[in-house]
Amino acid sequence: MTYDPASANPLAGNPLKTRDDMSRALHALFDPLLPYFSEGNARVRLDGAGAHFDRAAADLEGFARPLWGLSPLGAGKGEFEHWHRFAEGIANGTDPDHPEYWGTVNGRDQRMVELAALGFAIALTPEKIWEPLNAKQRANVIAYLKHARQFDYADNNWKFFRIFVDIALDRVGADFDRSLTRQYLEELEGFYVGDGWYRDGNVRRVDHYIPFAMHFYGLIYSKLVDDDYARRYRERALLFARDFRHWFADDGATIPFGRSLTYRFACAGFWSALAFADLEALPWGEVKHLCLQHLRWWRDKPMTNRDGILSIGFAYPNLLMSESYNSAGSPYWAFKAFLPLAIPENHPFWTAEEKVPAAAAVTPQRHPGMVIMHTGEDAVALSSGQENLQMRFGTEKYAKFAYSARYGFSVEADERSFAGAAFDSALAFSDDGLHYRVRETNREAKIAGDVLYAKWSPFSDVSVETWLVPAAPWHLRVHRIRSDRALQIAEGGFAITKRDFDLDRLEAGAGAAHAIGEADFSGIADLGSSIERQGLVQKALPNTNMIVAKTLVPQLRGAIKAGETVLVTAVIATGDQQAAKTAWLKPPAKPDLAALEALVSKEGVTVSAIEAPGQMP
């Protein structure tokens, strides 16, 4: 029988309905790691690929990250027969005289990140990994933690890592400078922008780090500590849940957006943290459904290597989309989803009957600069106002016009291939037919009702204004371009799965292109631009999309002259092919540009993500 990569997925066949199912899933995901523990159990090394930090830190990452799921299992009295590995590993990893010593922190360091998991584990399950240690080993652990915490942590969610170390030090009765804890609690307050939303530092981006980091850590803190910060974290989570639920499609998929997507089902970590913190932000049946349905979405994805080890990638192994800080152990932050194992089976999270949350057709969200559309089986975020100019493929991860739970998004594999690029949900410009520019950042970004507006520049002598308008099952884009020179342009719709043997139906002509695959329809149509554009269905380079390895992207291509050009585009993609064929024959009416300008002028408010630090309340 031909090998099916999805068969190696440890979640395959698990109904993921009950607490026992979740426990079994955790064991199935952890067990493949066992052969890769070092002799002294302090390091877990999974492959030869590298991250920007040293190998010892990467090995610590592989060791520590599973504790985000194993510690709740232990706290919930779940069976686990390998606690001795972690007790021994912590003892050896913090012993400067042991060959498996993790190395000394001497500045901002990846070890700071991973020590948060140790702090969490010591606070939650001291009987498993602290009490078995002798006096000398305990002194080494305390010394290691206290040494690391004196250095400056990154100005983002990392500040929680020192706080988690400090919680552990407090629990074991260590003496330490608590003013440093208070300092970071106060500095984290500066990232809050309102209505339950944070930014992950003083940056122009609002992504999954808000639910699976800022809120995740805050909710754990609120369970372990009783103070004013804990109460604020709980109040903010109540507000955030109302918005974040819209990022999930009916099948459990979330909208892939931003960096660190290799953490996969960590995206359910917010719902898991609500359960851990005993905070009913939505009815428990809805919280339970959002958490478990997301885990169920992953069951048939080829997300692991043949031995069941989580790969770097999203829905399949893919180093291309990775960050410079992704080592082979990085994906195990996905274990954040297993926090509900800490709560008993009679908790209402477990006893409630799952209920699908009601989803509004269109939901404007000012803080991330998004308008969320629910169209049948999909959740789509129209997006304007975010950027990430520091990280690989930051442009694709933050600055596209739309992101889909069903179709994901693509990164570009070759910056010198204007003719062969995917350009899904993007508008590209080229002055030589080889190199190209797309939107990377915005000079302005506003939201007016359910309309998004942005002003941006692909080149210094080119200015673009873009309006994004929901028109389910379509969305509309209007671009007004002012250029000092002639340029080639390309605009793409959504990427859908490409079958082997060219079995898909592709059609392209003047002003339109669409692809009909085995399960999906994707199309793009010109609604009356000031220039003519030609349709094309691009066979994108393999391994560029987040969800499937080979895709088709309908595009419109053309050329603009110096001066002003107006492009008007309608985009549709859906798994309901019959409905798509009907809709394709009746595209939306061309929007009135003057009316859009007037709306933004009258009602537009600046997207929070683009506000300068200190401007937000």
# chains A, B, ... in the order shown; residues from 1 in each chain; ligands from 1
call {"tool": "residues_around", "arguments": {"residues": "A:Phe401", "least_positions_apart": "6", "cutoff": "7 Å", "atoms": "only C-alpha atoms", "output": "number ranges by chain"}}
result
A: 382-384, 425-426
call {"tool": "write_last_selection", "arguments": {"atoms": "N, CA, C and O atoms", "output": "PDB file, in the first residue's frame"}}
result
ATOM      1  N   LEU A 382     -10.418  40.240   5.648  1.00  0.00           N
ATOM      2  CA  LEU A 382      -9.881  41.336   4.853  1.00  0.00           C
ATOM      3  C   LEU A 382      -8.984  42.136   5.785  1.00  0.00           C
ATOM      4  O   LEU A 382      -9.338  42.370   6.948  1.00  0.00           O
ATOM      5  N   SER A 383      -7.827  42.560   5.309  1.00  0.00           N
ATOM      6  CA  SER A 383      -6.823  43.075   6.243  1.00  0.00           C
ATOM      7  C   SER A 383      -6.102  44.297   5.700  1.00  0.00           C
ATOM      8  O   SER A 383      -5.673  44.315   4.541  1.00  0.00           O
ATOM      9  N   SER A 384      -5.966  45.302   6.560  1.00  0.00           N
ATOM     10  CA  SER A 384      -5.160  46.489   6.251  1.00  0.00           C
ATOM     11  C   SER A 384      -4.661  47.094   7.551  1.00  0.00           C
ATOM     12  O   SER A 384      -5.432  47.268   8.490  1.00  0.00           O
ATOM     13  N   SER A 425      -3.986  37.183  -3.076  1.00  0.00           N
ATOM     14  CA  SER A 425      -4.467  38.286  -2.238  1.00  0.00           C
ATOM     15  C   SER A 425      -3.468  39.425  -2.159  1.00  0.00           C
ATOM     16  O   SER A 425      -3.290  40.059  -1.117  1.00  0.00           O
ATOM     17  N   ALA A 426      -2.811  39.711  -3.275  1.00  0.00           N
ATOM     18  CA  ALA A 426      -1.810  40.775  -3.315  1.00  0.00           C
ATOM     19  C   ALA A 426      -1.852  41.463  -4.676  1.00  0.00           C
ATOM     20  O   ALA A 426      -2.342  40.910  -5.664  1.00  0.00           O
TER      21      ALA A 426
END
call {"tool": "residues_around", "arguments": {"residues": "A:Arg245", "least_positions_apart": "2", "cutoff": "10 Å", "atoms": "only C-alpha atoms", "output": "ChimeraX atom specification"}}
result
/A:240-243,247-249,254,271,282,286-287,290,357-359
call {"tool": "write_last_selection", "arguments": {"atoms": "C-alpha atoms", "output": "CSV table (one decimal), in the first residue's frame"}}
result
chain,number,residue,atom,x,y,z
A,240,PHE,CA,-11.4,39.4,23.5
A,241,ALA,CA,-13.4,36.2,23.3
A,242,ARG,CA,-16.2,38.0,21.5
A,243,ASP,CA,-13.9,39.0,18.7
A,247,TRP,CA,-11.3,33.9,13.5
A,248,PHE,CA,-12.6,30.3,13.4
A,249,ALA,CA,-14.5,28.6,10.5
A,254,THR,CA,-8.5,29.3,12.2
A,271,TRP,CA,-9.9,28.6,24.6
A,282,LEU,CA,-18.6,32.5,26.2
A,286,GLU,CA,-19.1,27.2,22.8
A,287,VAL,CA,-15.6,27.4,24.4
A,290,LEU,CA,-14.0,26.1,19.6
A,357,PRO,CA,-21.0,29.8,18.3
A,358,ALA,CA,-23.2,32.1,16.2
A,359,ALA,CA,-21.1,33.8,13.6
call {"tool": "closest_residue", "arguments": {"among": "A:Gly194, A:Pro256, A:Pro132, A:Gly269", "to": "A:Ala213", "atoms": "only C-alpha atoms"}}
result
A:Gly269
call {"tool": "residues_around", "arguments": {"residues": "stretch 18-21 of chain A", "least_positions_apart": "5", "cutoff": "7 Å", "atoms": "only C-alpha atoms", "output": "ChimeraX atom specification"}}
result
/A:341,345,350
call {"tool": "write_last_selection", "arguments": {"atoms": "N, CA, C and O atoms", "output": "CSV table (one decimal), in the first residue's frame"}}
result
chain,number,residue,atom,x,y,z
A,341,LEU,N,-6.5,19.7,30.5
A,341,LEU,CA,-6.3,18.5,31.2
A,341,LEU,C,-6.0,18.7,32.7
A,341,LEU,O,-6.1,17.8,33.5
A,345,GLU,N,-12.8,16.2,35.3
A,345,GLU,CA,-13.8,15.9,34.3
A,345,GLU,C,-15.2,16.3,34.6
A,345,GLU,O,-16.1,16.4,33.7
A,350,TRP,N,-16.0,20.4,30.5
A,350,TRP,CA,-16.0,19.0,30.0
A,350,TRP,C,-17.5,18.5,30.0
A,350,TRP,O,-17.8,17.6,29.1
call {"tool": "residues_around", "arguments": {"residues": "A:Arg480", "least_positions_apart": "5", "cutoff": "9 Å", "atoms": "only C-alpha atoms", "output": "ChimeraX atom specification"}}
result
/A:463-467,564-568
call {"tool": "write_last_selection", "arguments": {"atoms": "all heavy atoms", "output": "mmCIF file, in the first residue's frame"}}
result
data_model
loop_
_atom_site.group_PDB
_atom_site.id
_atom_site.type_symbol
_atom_site.label_atom_id
_atom_site.label_comp_id
_atom_site.auth_asym_id
_atom_site.auth_seq_id
_atom_site.Cartn_x
_atom_site.Cartn_y
_atom_site.Cartn_z
ATOM 1 N N SER A 463 2.299 55.682 -5.538
ATOM 2 C CA SER A 463 1.390 55.726 -4.392
ATOM 3 C C SER A 463 0.127 54.936 -4.736
ATOM 4 O O SER A 463 -0.398 55.058 -5.843
ATOM 5 C CB SER A 463 1.022 57.172 -4.055
ATOM 6 O OG SER A 463 0.065 57.223 -3.017
ATOM 7 N N VAL A 464 -0.327 54.131 -3.772
ATOM 8 C CA VAL A 464 -1.530 53.319 -3.978
ATOM 9 C C VAL A 464 -2.491 53.557 -2.823
ATOM 10 O O VAL A 464 -2.089 53.559 -1.659
ATOM 11 C CB VAL A 464 -1.197 51.819 -4.052
ATOM 12 C CG1 VAL A 464 -2.457 51.010 -4.371
ATOM 13 C CG2 VAL A 464 -0.113 51.545 -5.097
ATOM 14 N N GLU A 465 -3.744 53.779 -3.158
ATOM 15 C CA GLU A 465 -4.816 53.775 -2.167
ATOM 16 C C GLU A 465 -5.686 52.556 -2.440
ATOM 17 O O GLU A 465 -6.062 52.300 -3.587
ATOM 18 C CB GLU A 465 -5.653 55.045 -2.269
ATOM 19 C CG GLU A 465 -4.929 56.310 -1.858
ATOM 20 C CD GLU A 465 -5.801 57.532 -2.094
ATOM 21 O OE1 GLU A 465 -5.891 57.966 -3.271
ATOM 22 O OE2 GLU A 465 -6.394 58.042 -1.120
ATOM 23 N N THR A 466 -5.986 51.792 -1.390
ATOM 24 C CA THR A 466 -6.760 50.557 -1.543
ATOM 25 C C THR A 466 -7.955 50.571 -0.606
ATOM 26 O O THR A 466 -7.826 50.875 0.581
ATOM 27 C CB THR A 466 -5.881 49.328 -1.228
ATOM 28 O OG1 THR A 466 -4.857 49.206 -2.222
ATOM 29 C CG2 THR A 466 -6.707 48.049 -1.217
ATOM 30 N N TRP A 467 -9.104 50.243 -1.173
ATOM 31 C CA TRP A 467 -10.330 50.040 -0.391
ATOM 32 C C TRP A 467 -10.713 48.566 -0.496
ATOM 33 O O TRP A 467 -10.740 48.003 -1.603
ATOM 34 C CB TRP A 467 -11.476 50.896 -0.915
ATOM 35 C CG TRP A 467 -11.310 52.373 -0.740
ATOM 36 C CD1 TRP A 467 -11.859 53.163 0.230
ATOM 37 C CD2 TRP A 467 -10.554 53.266 -1.591
ATOM 38 N NE1 TRP A 467 -11.489 54.471 0.057
ATOM 39 C CE2 TRP A 467 -10.695 54.581 -1.063
ATOM 40 C CE3 TRP A 467 -9.790 53.100 -2.752
ATOM 41 C CZ2 TRP A 467 -10.095 55.694 -1.643
ATOM 42 C CZ3 TRP A 467 -9.186 54.195 -3.334
ATOM 43 C CH2 TRP A 467 -9.336 55.477 -2.779
ATOM 44 N N GLU A 564 -2.493 58.367 -13.365
ATOM 45 C CA GLU A 564 -3.437 57.731 -12.439
ATOM 46 C C GLU A 564 -4.135 56.550 -13.103
ATOM 47 O O GLU A 564 -4.580 56.641 -14.246
ATOM 48 C CB GLU A 564 -4.475 58.741 -11.960
ATOM 49 C CG GLU A 564 -5.470 58.151 -10.966
ATOM 50 C CD GLU A 564 -6.420 59.196 -10.374
ATOM 51 O OE1 GLU A 564 -5.916 60.107 -9.690
ATOM 52 O OE2 GLU A 564 -7.631 59.099 -10.626
ATOM 53 N N THR A 565 -4.223 55.465 -12.358
ATOM 54 C CA THR A 565 -4.924 54.258 -12.794
ATOM 55 C C THR A 565 -5.845 53.813 -11.670
ATOM 56 O O THR A 565 -5.459 53.852 -10.496
ATOM 57 C CB THR A 565 -3.934 53.117 -13.103
ATOM 58 O OG1 THR A 565 -2.987 53.556 -14.087
ATOM 59 C CG2 THR A 565 -4.668 51.886 -13.612
ATOM 60 N N VAL A 566 -7.044 53.369 -12.014
ATOM 61 C CA VAL A 566 -7.976 52.818 -11.035
ATOM 62 C C VAL A 566 -8.262 51.362 -11.409
ATOM 63 O O VAL A 566 -8.669 51.074 -12.544
ATOM 64 C CB VAL A 566 -9.289 53.614 -10.963
ATOM 65 C CG1 VAL A 566 -10.268 52.926 -10.006
ATOM 66 C CG2 VAL A 566 -9.021 55.041 -10.498
ATOM 67 N N LEU A 567 -8.013 50.466 -10.450
ATOM 68 C CA LEU A 567 -8.324 49.053 -10.630
ATOM 69 C C LEU A 567 -9.507 48.687 -9.748
ATOM 70 O O LEU A 567 -9.556 49.080 -8.581
ATOM 71 C CB LEU A 567 -7.127 48.177 -10.239
ATOM 72 C CG LEU A 567 -5.780 48.466 -10.907
ATOM 73 C CD1 LEU A 567 -4.716 47.525 -10.348
ATOM 74 C CD2 LEU A 567 -5.886 48.341 -12.414
ATOM 75 N N VAL A 568 -10.445 47.935 -10.307
ATOM 76 C CA VAL A 568 -11.609 47.471 -9.546
ATOM 77 C C VAL A 568 -11.699 45.958 -9.734
ATOM 78 O O VAL A 568 -11.836 45.472 -10.857
ATOM 79 C CB VAL A 568 -12.907 48.143 -10.009
ATOM 80 C CG1 VAL A 568 -14.051 47.750 -9.076
ATOM 81 C CG2 VAL A 568 -12.751 49.655 -10.054
#
call {"tool": "closest_residue", "arguments": {"among": "A:Leu339, A:Ala154, A:Ala87, A:Ala413", "to": "A:Ser272", "atoms": "only C-alpha atoms"}}
result
A:Leu339
call {"tool": "closest_residue", "arguments": {"among": "A:Ala148, A:Val451, A:Met370, A:Ala495", "to": "A:Lys550", "atoms": "only C-alpha atoms"}}
result
A:Ala495
call {"tool": "closest_residue", "arguments": {"among": "A:Ala121, A:Val605, A:Met214, A:Ala51", "to": "A:Ala454", "atoms": "only C-alpha atoms"}}
result
A:Val605
call {"tool": "residues_around", "arguments": {"residues": "A:Trp83", "least_positions_apart": "3", "cutoff": "7 Å", "atoms": "only C-alpha atoms", "output": "mmCIF file with N, CA, C and O atoms, in the first residue's frame"}}
result
data_model
loop_
_atom_site.group_PDB
_atom_site.id
_atom_site.type_symbol
_atom_site.label_atom_id
_atom_site.label_comp_id
_atom_site.auth_asym_id
_atom_site.auth_seq_id
_atom_site.Cartn_x
_atom_site.Cartn_y
_atom_site.Cartn_z
ATOM 1 N N PHE A 80 1.238 9.502 33.605
ATOM 2 C CA PHE A 80 2.387 9.797 32.754
ATOM 3 C C PHE A 80 3.599 9.162 33.402
ATOM 4 O O PHE A 80 3.928 9.469 34.555
ATOM 5 N N PHE A 86 12.049 14.235 33.217
ATOM 6 C CA PHE A 86 12.052 15.696 33.350
ATOM 7 C C PHE A 86 12.723 16.137 34.642
ATOM 8 O O PHE A 86 13.446 17.144 34.665
ATOM 9 N N ALA A 87 12.522 15.405 35.731
ATOM 10 C CA ALA A 87 13.214 15.749 36.978
ATOM 11 C C ALA A 87 14.724 15.620 36.791
ATOM 12 O O ALA A 87 15.496 16.516 37.172
ATOM 13 N N LYS A 128 6.234 16.477 40.882
ATOM 14 C CA LYS A 128 6.759 15.676 39.781
ATOM 15 C C LYS A 128 8.207 16.023 39.445
ATOM 16 O O LYS A 128 9.003 15.130 39.125
ATOM 17 N N ILE A 129 8.545 17.311 39.472
ATOM 18 C CA ILE A 129 9.859 17.704 38.946
ATOM 19 C C ILE A 129 10.698 18.510 39.931
ATOM 20 O O ILE A 129 11.863 18.781 39.642
#
call {"tool": "select_by_dssp", "arguments": {"residues": "stretch 171-284 of chain A", "states": "strand (DSSP E)", "output": "VMD selection string"}}
result
chain A and resid 192 to 194 197 to 198
call {"tool": "write_last_selection", "arguments": {"atoms": "N, CA and C atoms", "output": "mmCIF file, in the first residue's frame"}}
result
data_model
loop_
_atom_site.group_PDB
_atom_site.id
_atom_site.type_symbol
_atom_site.label_atom_id
_atom_site.label_comp_id
_atom_site.auth_asym_id
_atom_site.auth_seq_id
_atom_site.Cartn_x
_atom_site.Cartn_y
_atom_site.Cartn_z
ATOM 1 N N TYR A 192 -1.436 47.051 25.981
ATOM 2 C CA TYR A 192 -2.892 46.918 25.866
ATOM 3 C C TYR A 192 -3.456 48.093 25.075
ATOM 4 N N VAL A 193 -4.313 47.774 24.075
ATOM 5 C CA VAL A 193 -4.867 48.835 23.231
ATOM 6 C C VAL A 193 -6.369 49.029 23.407
ATOM 7 N N GLY A 194 -7.036 48.122 24.108
ATOM 8 C CA GLY A 194 -8.453 48.314 24.377
ATOM 9 C C GLY A 194 -9.316 47.183 23.857
ATOM 10 N N TRP A 197 -7.874 43.740 23.383
ATOM 11 C CA TRP A 197 -6.772 43.536 22.432
ATOM 12 C C TRP A 197 -5.466 44.135 22.941
ATOM 13 N N TYR A 198 -4.385 43.435 22.636
ATOM 14 C CA TYR A 198 -3.022 43.902 22.869
ATOM 15 C C TYR A 198 -2.304 44.017 21.521
#
call {"tool": "select_by_dssp", "arguments": {"residues": "stretch 364-408 of chain A", "states": "helix (DSSP H, G or I)", "output": "ChimeraX atom specification"}}
result
/A:394-398
